[in-house]
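Shown next: run.cif, containing mmCIF, C-alpha atoms and all ligand atoms.
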data_query
loop_
_atom_site.label_atom_id
_atom_site.label_comp_id
_atom_site.auth_asym_id
_atom_site.auth_seq_id
_atom_site.Cartn_x
_atom_site.Cartn_y
_atom_site.Cartn_z
CA MET C 1 30.24 -71.65 -6.91
CA THR C 2 26.67 -71.88 -8.19
CA THR C 3 24.77 -74.72 -6.55
CA ALA C 4 21.74 -76.72 -7.66
CA LEU C 5 19.28 -79.01 -5.94
CA THR C 6 17.58 -81.62 -8.13
CA LEU C 7 14.55 -83.76 -7.31
CA SER C 8 11.89 -85.93 -8.91
CA GLY C 9 8.16 -86.18 -8.29
CA SER C 10 8.38 -89.94 -8.75
CA ILE C 11 10.24 -92.17 -6.32
CA ARG C 12 9.36 -95.52 -7.88
CA LYS C 13 12.13 -97.94 -8.85
CA GLY C 14 13.20 -97.25 -12.43
CA SER C 15 11.47 -93.87 -12.57
CA HIS C 16 12.00 -92.04 -15.87
CA ASN C 17 11.81 -88.77 -13.99
CA GLU C 18 14.59 -89.79 -11.64
CA HIS C 19 16.55 -90.57 -14.80
CA LEU C 20 15.82 -87.10 -16.19
CA GLN C 21 16.84 -85.64 -12.82
CA ALA C 22 20.21 -87.41 -13.18
CA LEU C 23 20.70 -86.27 -16.79
CA VAL C 24 19.95 -82.63 -15.97
CA GLY C 25 22.28 -82.96 -12.95
CA GLU C 26 25.08 -84.14 -15.26
CA ARG C 27 24.51 -81.18 -17.60
CA LEU C 28 24.54 -78.73 -14.73
CA LYS C 29 27.79 -80.25 -13.42
CA ALA C 30 29.31 -79.92 -16.91
CA ALA C 31 28.35 -76.23 -16.77
CA GLY C 32 30.35 -75.87 -13.53
CA VAL C 33 27.45 -76.12 -11.07
CA GLU C 34 27.73 -78.05 -7.80
CA VAL C 35 24.75 -80.42 -7.77
CA GLU C 36 22.97 -82.01 -4.82
CA ALA C 37 20.57 -84.72 -5.99
CA ILE C 38 17.93 -85.72 -3.46
CA SER C 39 15.10 -88.25 -3.34
CA LEU C 40 11.75 -87.29 -1.85
CA LYS C 41 11.84 -90.80 -0.32
CA ASP C 42 14.13 -89.23 2.27
CA PHE C 43 11.65 -86.42 3.01
CA GLU C 44 8.49 -88.24 4.05
CA MET C 45 5.56 -86.02 4.99
CA PRO C 46 2.00 -86.88 6.00
CA VAL C 47 -0.82 -85.69 3.75
CA PHE C 48 -1.16 -81.97 4.47
CA ASN C 49 -3.90 -81.02 6.91
CA GLU C 50 -4.07 -77.62 8.62
CA ASP C 51 -4.88 -79.37 11.89
CA LEU C 52 -1.27 -80.58 11.95
CA GLU C 53 -0.10 -76.97 12.28
CA PRO C 54 1.74 -75.62 14.13
CA ASP C 55 2.72 -78.52 16.41
CA ASN C 56 3.12 -81.34 13.91
CA VAL C 57 4.82 -79.76 10.92
CA PRO C 58 7.10 -82.54 9.64
CA LYS C 59 10.82 -82.01 10.27
CA SER C 60 11.42 -83.11 6.68
CA ALA C 61 9.43 -80.11 5.37
CA VAL C 62 11.62 -77.73 7.36
CA ALA C 63 14.78 -79.56 6.20
CA LEU C 64 13.70 -79.50 2.55
CA ALA C 65 12.74 -75.82 2.77
CA LYS C 66 16.28 -75.10 4.02
CA LEU C 67 17.69 -76.89 0.98
CA PHE C 68 15.46 -74.81 -1.32
CA THR C 69 16.86 -71.63 0.17
CA SER C 70 20.48 -72.74 0.33
CA HIS C 71 20.81 -73.52 -3.39
CA ASP C 72 20.86 -71.11 -6.33
CA ILE C 73 18.96 -73.47 -8.64
CA VAL C 74 16.18 -76.03 -8.04
CA PHE C 75 15.32 -78.48 -10.81
CA ILE C 76 12.12 -80.53 -10.50
CA ALA C 77 11.35 -83.46 -12.81
CA THR C 78 7.66 -84.27 -12.62
CA PRO C 79 5.60 -87.16 -13.93
CA GLU C 80 2.09 -86.45 -15.18
CA TYR C 81 -0.81 -88.13 -13.42
CA ASN C 82 -4.26 -87.74 -14.99
CA GLY C 83 -3.24 -84.59 -16.80
CA GLY C 84 -1.95 -83.03 -13.58
CA LEU C 85 0.67 -83.31 -10.88
CA PRO C 86 1.48 -86.40 -8.82
CA PRO C 87 0.23 -86.24 -5.21
CA LEU C 88 3.79 -86.56 -3.87
CA LEU C 89 4.78 -83.27 -5.47
CA VAL C 90 1.55 -81.45 -4.60
CA ASN C 91 1.88 -82.56 -0.97
CA THR C 92 5.55 -81.58 -0.80
CA ILE C 93 4.96 -78.11 -2.28
CA THR C 94 1.94 -77.60 -0.02
CA TRP C 95 3.97 -78.33 3.12
CA LEU C 96 6.88 -76.18 1.95
CA SER C 97 4.55 -73.28 1.22
CA ARG C 98 3.75 -73.18 4.96
CA VAL C 99 7.36 -72.99 6.13
CA GLU C 100 9.16 -69.79 7.12
CA PRO C 101 11.41 -68.39 5.78
CA TRP C 102 9.61 -68.63 2.44
CA PRO C 103 11.50 -71.30 0.47
CA PHE C 104 10.35 -70.25 -3.01
CA ALA C 105 11.85 -66.79 -3.32
CA HIS C 106 15.56 -67.57 -3.42
CA ALA C 107 16.51 -70.10 -6.11
CA VAL C 108 15.65 -69.99 -9.78
CA PHE C 109 13.58 -73.03 -10.74
CA GLY C 110 13.61 -75.34 -13.76
CA VAL C 111 10.74 -77.68 -14.56
CA GLY C 112 10.87 -80.84 -16.68
CA GLY C 113 9.20 -84.19 -16.94
CA VAL C 114 8.91 -87.53 -18.70
CA SER C 115 5.66 -89.35 -19.35
CA SER C 116 4.50 -92.39 -21.25
CA GLY C 117 2.22 -90.19 -23.34
CA LYS C 118 3.48 -88.39 -26.42
CA TYR C 119 2.72 -84.95 -25.00
CA GLY C 120 5.53 -85.44 -22.47
CA THR C 121 4.00 -84.03 -19.24
CA ILE C 122 2.85 -80.85 -20.98
CA TRP C 123 -0.13 -80.50 -18.61
CA ALA C 124 1.78 -81.45 -15.47
CA GLN C 125 4.49 -78.90 -16.26
CA SER C 126 1.93 -76.26 -16.99
CA HIS C 127 0.27 -76.90 -13.60
CA LEU C 128 3.63 -76.91 -11.82
CA ARG C 129 4.88 -73.71 -13.43
CA ASP C 130 1.55 -72.02 -12.85
CA SER C 131 1.45 -72.97 -9.19
CA LEU C 132 5.11 -72.07 -8.54
CA THR C 133 4.72 -68.75 -10.35
CA LYS C 134 1.60 -67.90 -8.35
CA ILE C 135 3.54 -68.36 -5.12
CA GLY C 136 6.32 -66.06 -6.27
CA THR C 137 8.83 -68.46 -7.76
CA LEU C 138 11.00 -67.52 -10.72
CA VAL C 139 10.74 -70.39 -13.22
CA VAL C 140 12.91 -70.32 -16.36
CA PRO C 141 10.97 -70.20 -19.64
CA THR C 142 12.20 -73.47 -21.14
CA LEU C 143 10.07 -76.45 -20.14
CA LEU C 144 11.70 -79.81 -20.64
CA GLY C 145 8.81 -82.07 -21.63
CA ILE C 146 9.83 -85.54 -22.80
CA GLY C 147 7.57 -88.27 -24.14
CA PRO C 148 6.74 -90.93 -24.92
CA SER C 149 9.18 -92.44 -22.43
CA SER C 150 9.36 -95.68 -24.44
CA THR C 151 11.40 -93.97 -27.18
CA ALA C 152 12.85 -91.01 -25.27
CA PHE C 153 16.12 -92.62 -24.22
CA THR C 154 18.78 -94.72 -25.96
CA GLU C 155 19.74 -98.12 -24.52
CA ASP C 156 22.58 -96.53 -22.60
CA GLY C 157 20.23 -93.97 -21.08
CA LYS C 158 21.06 -90.94 -23.20
CA ILE C 159 18.49 -88.57 -24.70
CA ALA C 160 17.39 -90.06 -28.03
CA GLU C 161 16.47 -86.84 -29.84
CA LYS C 162 18.84 -83.98 -30.67
CA PRO C 163 16.15 -81.27 -30.24
CA ILE C 164 15.58 -82.46 -26.65
CA GLU C 165 19.33 -82.30 -25.97
CA LYS C 166 19.35 -78.73 -27.30
CA LYS C 167 16.40 -77.86 -25.08
CA MET C 168 18.26 -79.29 -22.10
CA ASP C 169 21.28 -77.12 -22.91
CA ARG C 170 19.00 -74.09 -23.21
CA MET C 171 17.47 -74.80 -19.82
CA VAL C 172 20.91 -75.20 -18.21
CA ALA C 173 21.98 -71.89 -19.80
CA GLU C 174 18.87 -70.17 -18.44
CA LEU C 175 19.27 -71.70 -14.98
CA THR C 176 22.89 -70.66 -14.71
CA HIS C 177 22.30 -67.21 -16.22
CA PHE C 178 19.49 -66.08 -13.92
CA SER C 179 20.28 -65.66 -10.27
CA ARG C 180 18.18 -64.19 -7.53
CA GLY C 181 21.11 -63.70 -5.22
CA GLY C 182 20.22 -63.48 -1.59
CA ILE C 183 16.62 -62.21 -1.66
C1 LIG C 201 -2.06 -92.51 -11.71
C2 LIG C 201 -1.35 -92.34 -13.01
C3 LIG C 201 -1.83 -91.40 -13.93
C4 LIG C 201 -1.15 -91.20 -15.14
N1 LIG C 201 -1.57 -90.22 -15.98
C5 LIG C 201 -0.84 -89.91 -17.09
C6 LIG C 201 -1.16 -88.78 -17.88
O1 LIG C 201 -2.07 -88.04 -17.64
N2 LIG C 201 -0.37 -88.52 -18.97
C7 LIG C 201 0.70 -89.32 -19.30
O2 LIG C 201 1.37 -89.04 -20.30
N3 LIG C 201 1.04 -90.40 -18.55
C8 LIG C 201 0.30 -90.70 -17.45
N4 LIG C 201 0.66 -91.75 -16.65
C9 LIG C 201 1.78 -92.60 -17.04
C10 LIG C 201 3.11 -91.99 -16.59
O3 LIG C 201 3.53 -91.05 -17.55
C11 LIG C 201 4.17 -93.10 -16.45
O4 LIG C 201 3.78 -94.03 -15.47
C12 LIG C 201 5.53 -92.52 -16.15
O5 LIG C 201 6.50 -93.51 -16.34
C13 LIG C 201 5.58 -91.98 -14.70
O6 LIG C 201 6.83 -91.39 -14.44
P1 LIG C 201 8.01 -92.18 -13.68
O7 LIG C 201 8.54 -93.19 -14.67
O8 LIG C 201 8.99 -91.15 -13.34
O9 LIG C 201 7.41 -92.85 -12.48
C14 LIG C 201 -0.01 -91.98 -15.45
C15 LIG C 201 0.44 -92.94 -14.52
C16 LIG C 201 -0.20 -93.10 -13.32
C17 LIG C 201 0.35 -94.10 -12.31
#
How would this structure read if it were set down as structure tokens?
Amino acid sequence: MTTALTLSGSIRKGSHNEHLQALVGERLKAAGVEVEAISLKDFEMPVFNEDLEPDNVPKSAVALAKLFTSHDIVFIATPEYNGGLPPLLVNTITWLSRVEPWPFAHAVFGVGGVSSGKYGTIWAQSHLRDSLTKIGTLVVPTLLGIGPSSTAFTEDGKIAEKPIEKKMDRMVAELTHFSRGGI
């Protein structure tokens, strides 16, 4: 069975990105994928500093890297901070990029995000895709940018706009279609 790992670059209570993480998880499950949803709250890491290597690499970085390589799909929902990525995500990716075996070459990745601005994390997603691609990750072409968050969801938490729902379906189709097997 195809498996997916989902995570969010925001861990605050009521995070819109955690909500998007859950919605994408539901869609993946409906497509027959086994989904493991994690919170980066459970993978605390100090701010990256090369002086911490090799003796003080956080166990959580090694554990998260294992999860990246043991799933076929990784979906990351990212907020946008100051037109870029939140420090939590940058720090997490930085630590993981130092772990062996390389945790970015196995799964196929999907990137999405919700922001309060109307451009819906367009810059954050661009940074994330660019960075992941530069380190050898296969990221599916559909980017799931959603904003403004104030009107993005219905009262019962569903996606408010049909075109966004269609985009979500397209991303799920891409994620389940591409597989990198056991490279
Ligand atoms: C430090 C900081 C910078 C932000 N910068 C942006 C930004 O550049 N663009 C944007 O649309 N929203 C920006 N926001 C607002 C976020 O989109 C909003 O807080 C969003 O709800 C964060 O995602 P979350 O709900 O998953 O935590 C910023 C918020 C913070 C705290």
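Closest to Ala173 in chain C among C:Pro141, C:Leu40, C:Thr133, C:Ser97 is C:Pro141, based on all atoms listed in the file.
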Original post:
Out of C:Leu138, C:Ile122, C:Ala30, C:Ala4, which residue has the shortest atom-to-atom distance to Glu80 in chain C when counting only C-alpha atoms?
Top reply: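 Ranking C:Leu138, C:Ile122, C:Ala30, C:Ala4 by distance to Glu80 in chain C, first place goes to C:Ile122.
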Box dimensions and centre (Å, one decimal) enclosing ligand LIG 201 (chain C), axis-aligned, 8 Å extra per side, as AutoDock Vina command-line options:
--center_x 3.5 --center_y -91.1 --center_z -16.0 --size_x 27.1 --size_y 22.1 --size_z 24.6
Ala61 in chain C: which residues within 10 Å, counting only C-alpha atoms, same-chain residues fewer than 5 positions away excluded, as an mmCIF file with C-alpha atoms, in the frame of the given file?
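Done, and the output landed in selection.cif:
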data_model
loop_
_atom_site.group_PDB
_atom_site.id
_atom_site.type_symbol
_atom_site.label_atom_id
_atom_site.label_comp_id
_atom_site.auth_asym_id
_atom_site.auth_seq_id
_atom_site.Cartn_x
_atom_site.Cartn_y
_atom_site.Cartn_z
ATOM 1 C CA PHE C 43 11.650 -86.420 3.010
ATOM 2 C CA GLU C 44 8.490 -88.240 4.050
ATOM 3 C CA MET C 45 5.560 -86.020 4.990
ATOM 4 C CA LYS C 66 16.280 -75.100 4.020
ATOM 5 C CA LEU C 67 17.690 -76.890 0.980
ATOM 6 C CA THR C 92 5.550 -81.580 -0.800
ATOM 7 C CA ILE C 93 4.960 -78.110 -2.280
ATOM 8 C CA THR C 94 1.940 -77.600 -0.020
ATOM 9 C CA TRP C 95 3.970 -78.330 3.120
ATOM 10 C CA LEU C 96 6.880 -76.180 1.950
ATOM 11 C CA SER C 97 4.550 -73.280 1.220
ATOM 12 C CA ARG C 98 3.750 -73.180 4.960
ATOM 13 C CA VAL C 99 7.360 -72.990 6.130
#
Output as a tab-separated table one row per residue of chain C within 10 Å of ligand LIG 201 (chain C): the closest atom pair and its distance in Å to one decimal place, counting all atoms listed in the file, sorted by chain and residue number ascending.
residue	atom	partner	partner_atom	distance
C:Ser8	CA	C:LIG201	O8	7.4
C:Gly9	CA	C:LIG201	O8	7.1
C:Ser10	CA	C:LIG201	O8	4.8
C:Ile11	CA	C:LIG201	O9	6.8
C:Arg12	CA	C:LIG201	O9	5.7
C:Lys13	CA	C:LIG201	O9	7.8
C:Gly14	CA	C:LIG201	O7	6.6
C:Ser15	CA	C:LIG201	O7	3.7
C:His16	CA	C:LIG201	O7	3.8
C:Asn17	CA	C:LIG201	O8	3.7
C:Glu18	CA	C:LIG201	O8	6.0
C:His19	CA	C:LIG201	O8	7.7
C:Leu20	CA	C:LIG201	O8	8.4
C:Gln21	CA	C:LIG201	O8	9.6
C:Ala77	CA	C:LIG201	O8	8.1
C:Thr78	CA	C:LIG201	O8	7.0
C:Pro79	CA	C:LIG201	O6	4.4
C:Glu80	CA	C:LIG201	C6	4.8
C:Tyr81	CA	C:LIG201	N1	3.4
C:Asn82	CA	C:LIG201	O1	3.5
C:Gly83	CA	C:LIG201	O1	3.7
C:Gly84	CA	C:LIG201	O1	6.4
C:Leu85	CA	C:LIG201	O1	8.7
C:Pro86	CA	C:LIG201	C1	7.6
C:Pro87	CA	C:LIG201	C1	9.3
C:Gly113	CA	C:LIG201	O8	7.8
C:Val114	CA	C:LIG201	O6	6.1
C:Ser115	CA	C:LIG201	O3	3.3
C:Ser116	CA	C:LIG201	O3	4.1
C:Gly117	CA	C:LIG201	O2	3.4
C:Lys118	CA	C:LIG201	O2	6.5
C:Tyr119	CA	C:LIG201	O2	6.4
C:Gly120	CA	C:LIG201	O2	5.9
C:Thr121	CA	C:LIG201	O2	5.8
C:Ile122	CA	C:LIG201	O2	8.4
C:Trp123	CA	C:LIG201	O1	7.8
C:Ala124	CA	C:LIG201	O1	7.9
C:Ile146	CA	C:LIG201	O2	9.5
C:Gly147	CA	C:LIG201	O2	7.3
C:Pro148	CA	C:LIG201	O2	7.3
C:Ser149	CA	C:LIG201	O5	6.7
C:Ser150	CA	C:LIG201	O5	8.9
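If you measure from each of C:Thr151, C:Thr137, C:Asn91, C:Ser131 to Val74 in chain C using only C-alpha atoms, the closest one turns out to be C:Thr137.
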Save range 60-166 of chain C to disk from that block, C-alpha atoms included, as a PDB file, in the first residue's frame.
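Saved file result_34.pdb follows:
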ATOM      1  CA  SER C  60      14.508  13.740  16.458  1.00  0.00           C
ATOM      2  CA  ALA C  61      16.300  14.681  13.202  1.00  0.00           C
ATOM      3  CA  VAL C  62      17.399  11.074  12.720  1.00  0.00           C
ATOM      4  CA  ALA C  63      13.890   9.814  13.571  1.00  0.00           C
ATOM      5  CA  LEU C  64      12.221  12.262  11.178  1.00  0.00           C
ATOM      6  CA  ALA C  65      14.699  11.430   8.409  1.00  0.00           C
ATOM      7  CA  LYS C  66      13.722   7.748   8.820  1.00  0.00           C
ATOM      8  CA  LEU C  67      10.071   8.696   8.374  1.00  0.00           C
ATOM      9  CA  PHE C  68      10.931  10.635   5.201  1.00  0.00           C
ATOM     10  CA  THR C  69      12.572   7.556   3.734  1.00  0.00           C
ATOM     11  CA  SER C  70       9.976   5.053   4.881  1.00  0.00           C
ATOM     12  CA  HIS C  71       7.012   6.750   3.174  1.00  0.00           C
ATOM     13  CA  ASP C  72       6.253   7.014  -0.548  1.00  0.00           C
ATOM     14  CA  ILE C  73       4.781  10.517  -0.260  1.00  0.00           C
ATOM     15  CA  VAL C  74       5.603  13.517   1.959  1.00  0.00           C
ATOM     16  CA  PHE C  75       3.168  16.437   2.082  1.00  0.00           C
ATOM     17  CA  ILE C  76       4.302  19.694   3.697  1.00  0.00           C
ATOM     18  CA  ALA C  77       1.883  22.525   4.491  1.00  0.00           C
ATOM     19  CA  THR C  78       3.822  25.721   5.045  1.00  0.00           C
ATOM     20  CA  PRO C  79       2.831  29.130   6.359  1.00  0.00           C
ATOM     21  CA  GLU C  80       4.468  32.189   4.846  1.00  0.00           C
ATOM     22  CA  TYR C  81       6.541  34.420   7.102  1.00  0.00           C
ATOM     23  CA  ASN C  82       7.781  37.704   5.640  1.00  0.00           C
ATOM     24  CA  GLY C  83       7.521  36.403   2.106  1.00  0.00           C
ATOM     25  CA  GLY C  84       9.559  33.316   2.982  1.00  0.00           C
ATOM     26  CA  LEU C  85       9.584  30.146   5.036  1.00  0.00           C
ATOM     27  CA  PRO C  86       8.937  29.856   8.768  1.00  0.00           C
ATOM     28  CA  PRO C  87      12.084  29.197  10.849  1.00  0.00           C
ATOM     29  CA  LEU C  88      10.660  25.895  12.118  1.00  0.00           C
ATOM     30  CA  LEU C  89      10.620  24.463   8.610  1.00  0.00           C
ATOM     31  CA  VAL C  90      13.977  25.912   7.580  1.00  0.00           C
ATOM     32  CA  ASN C  91      15.581  24.500  10.734  1.00  0.00           C
ATOM     33  CA  THR C  92      13.958  21.097  10.266  1.00  0.00           C
ATOM     34  CA  ILE C  93      15.023  20.805   6.614  1.00  0.00           C
ATOM     35  CA  THR C  94      18.529  22.006   7.482  1.00  0.00           C
ATOM     36  CA  TRP C  95      18.980  19.307  10.128  1.00  0.00           C
ATOM     37  CA  LEU C  96      17.514  16.617   7.875  1.00  0.00           C
ATOM     38  CA  SER C  97      19.829  17.604   5.043  1.00  0.00           C
ATOM     39  CA  ARG C  98      22.759  16.564   7.264  1.00  0.00           C
ATOM     40  CA  VAL C  99      21.433  13.086   8.043  1.00  0.00           C
ATOM     41  CA  GLU C 100      22.526   9.902   6.267  1.00  0.00           C
ATOM     42  CA  PRO C 101      20.988   8.121   4.460  1.00  0.00           C
ATOM     43  CA  TRP C 102      19.808  11.119   2.455  1.00  0.00           C
ATOM     44  CA  PRO C 103      16.132  11.583   3.388  1.00  0.00           C
ATOM     45  CA  PHE C 104      15.091  13.597   0.328  1.00  0.00           C
ATOM     46  CA  ALA C 105      15.648  11.117  -2.478  1.00  0.00           C
ATOM     47  CA  HIS C 106      12.989   8.525  -1.740  1.00  0.00           C
ATOM     48  CA  ALA C 107       9.483   9.981  -1.416  1.00  0.00           C
ATOM     49  CA  VAL C 108       7.696  12.243  -3.853  1.00  0.00           C
ATOM     50  CA  PHE C 109       6.863  15.563  -2.193  1.00  0.00           C
ATOM     51  CA  GLY C 110       3.809  17.812  -2.299  1.00  0.00           C
ATOM     52  CA  VAL C 111       3.890  21.417  -1.132  1.00  0.00           C
ATOM     53  CA  GLY C 112       0.938  23.537   0.003  1.00  0.00           C
ATOM     54  CA  GLY C 113       0.170  26.358   2.353  1.00  0.00           C
ATOM     55  CA  VAL C 114      -2.386  28.732   3.828  1.00  0.00           C
ATOM     56  CA  SER C 115      -1.725  32.365   4.663  1.00  0.00           C
ATOM     57  CA  SER C 116      -3.708  35.366   5.770  1.00  0.00           C
ATOM     58  CA  GLY C 117      -2.627  37.215   2.634  1.00  0.00           C
ATOM     59  CA  LYS C 118      -4.506  36.823  -0.636  1.00  0.00           C
ATOM     60  CA  TYR C 119      -1.485  35.400  -2.448  1.00  0.00           C
ATOM     61  CA  GLY C 120      -1.778  32.237  -0.342  1.00  0.00           C
ATOM     62  CA  THR C 121       1.882  31.458   0.518  1.00  0.00           C
ATOM     63  CA  ILE C 122       2.980  31.845  -3.105  1.00  0.00           C
ATOM     64  CA  TRP C 123       6.448  33.043  -2.044  1.00  0.00           C
ATOM     65  CA  ALA C 124       6.870  30.518   0.764  1.00  0.00           C
ATOM     66  CA  GLN C 125       5.955  27.664  -1.572  1.00  0.00           C
ATOM     67  CA  SER C 126       8.287  28.942  -4.217  1.00  0.00           C
ATOM     68  CA  HIS C 127      11.149  29.045  -1.672  1.00  0.00           C
ATOM     69  CA  LEU C 128      10.280  25.577  -0.374  1.00  0.00           C
ATOM     70  CA  ARG C 129      10.021  23.976  -3.807  1.00  0.00           C
ATOM     71  CA  ASP C 130      13.204  25.693  -4.933  1.00  0.00           C
ATOM     72  CA  SER C 131      15.153  24.547  -1.893  1.00  0.00           C
ATOM     73  CA  LEU C 132      13.810  20.973  -1.998  1.00  0.00           C
ATOM     74  CA  THR C 133      14.477  20.720  -5.734  1.00  0.00           C
ATOM     75  CA  LYS C 134      18.028  21.978  -5.301  1.00  0.00           C
ATOM     76  CA  ILE C 135      18.723  19.194  -2.816  1.00  0.00           C
ATOM     77  CA  GLY C 136      17.418  16.540  -5.182  1.00  0.00           C
ATOM     78  CA  THR C 137      13.813  16.173  -4.121  1.00  0.00           C
ATOM     79  CA  LEU C 138      11.064  15.361  -6.597  1.00  0.00           C
ATOM     80  CA  VAL C 139       8.235  17.843  -5.952  1.00  0.00           C
ATOM     81  CA  VAL C 140       4.960  17.467  -7.869  1.00  0.00           C
ATOM     82  CA  PRO C 141       4.077  20.412 -10.123  1.00  0.00           C
ATOM     83  CA  THR C 142       0.802  21.426  -8.456  1.00  0.00           C
ATOM     84  CA  LEU C 143       1.299  23.904  -5.626  1.00  0.00           C
ATOM     85  CA  LEU C 144      -1.605  24.204  -3.241  1.00  0.00           C
ATOM     86  CA  GLY C 145      -1.595  27.871  -2.260  1.00  0.00           C
ATOM     87  CA  ILE C 146      -4.614  28.993  -0.249  1.00  0.00           C
ATOM     88  CA  GLY C 147      -5.429  32.503   0.912  1.00  0.00           C
ATOM     89  CA  PRO C 148      -6.706  34.598   2.444  1.00  0.00           C
ATOM     90  CA  SER C 149      -7.295  32.168   5.314  1.00  0.00           C
ATOM     91  CA  SER C 150     -10.246  34.242   6.576  1.00  0.00           C
ATOM     92  CA  THR C 151     -12.403  33.114   3.630  1.00  0.00           C
ATOM     93  CA  ALA C 152     -10.633  29.909   2.602  1.00  0.00           C
ATOM     94  CA  PHE C 153     -12.689  27.492   4.684  1.00  0.00           C
ATOM     95  CA  THR C 154     -16.398  26.988   5.360  1.00  0.00           C
ATOM     96  CA  GLU C 155     -17.683  26.979   8.954  1.00  0.00           C
ATOM     97  CA  ASP C 156     -17.393  23.215   9.076  1.00  0.00           C
ATOM     98  CA  GLY C 157     -13.782  23.372   7.920  1.00  0.00           C
ATOM     99  CA  LYS C 158     -14.187  22.406   4.273  1.00  0.00           C
ATOM    100  CA  ILE C 159     -12.473  24.151   1.360  1.00  0.00           C
ATOM    101  CA  ALA C 160     -14.665  27.101   0.368  1.00  0.00           C
ATOM    102  CA  GLU C 161     -13.736  27.315  -3.314  1.00  0.00           C
ATOM    103  CA  LYS C 162     -14.322  24.619  -5.931  1.00  0.00           C
ATOM    104  CA  PRO C 163     -11.130  25.470  -7.906  1.00  0.00           C
ATOM    105  CA  ILE C 164      -9.057  24.830  -4.763  1.00  0.00           C
ATOM    106  CA  GLU C 165     -10.789  21.472  -4.267  1.00  0.00           C
ATOM    107  CA  LYS C 166      -9.948  20.582  -7.871  1.00  0.00           C
TER     108      LYS C 166
END
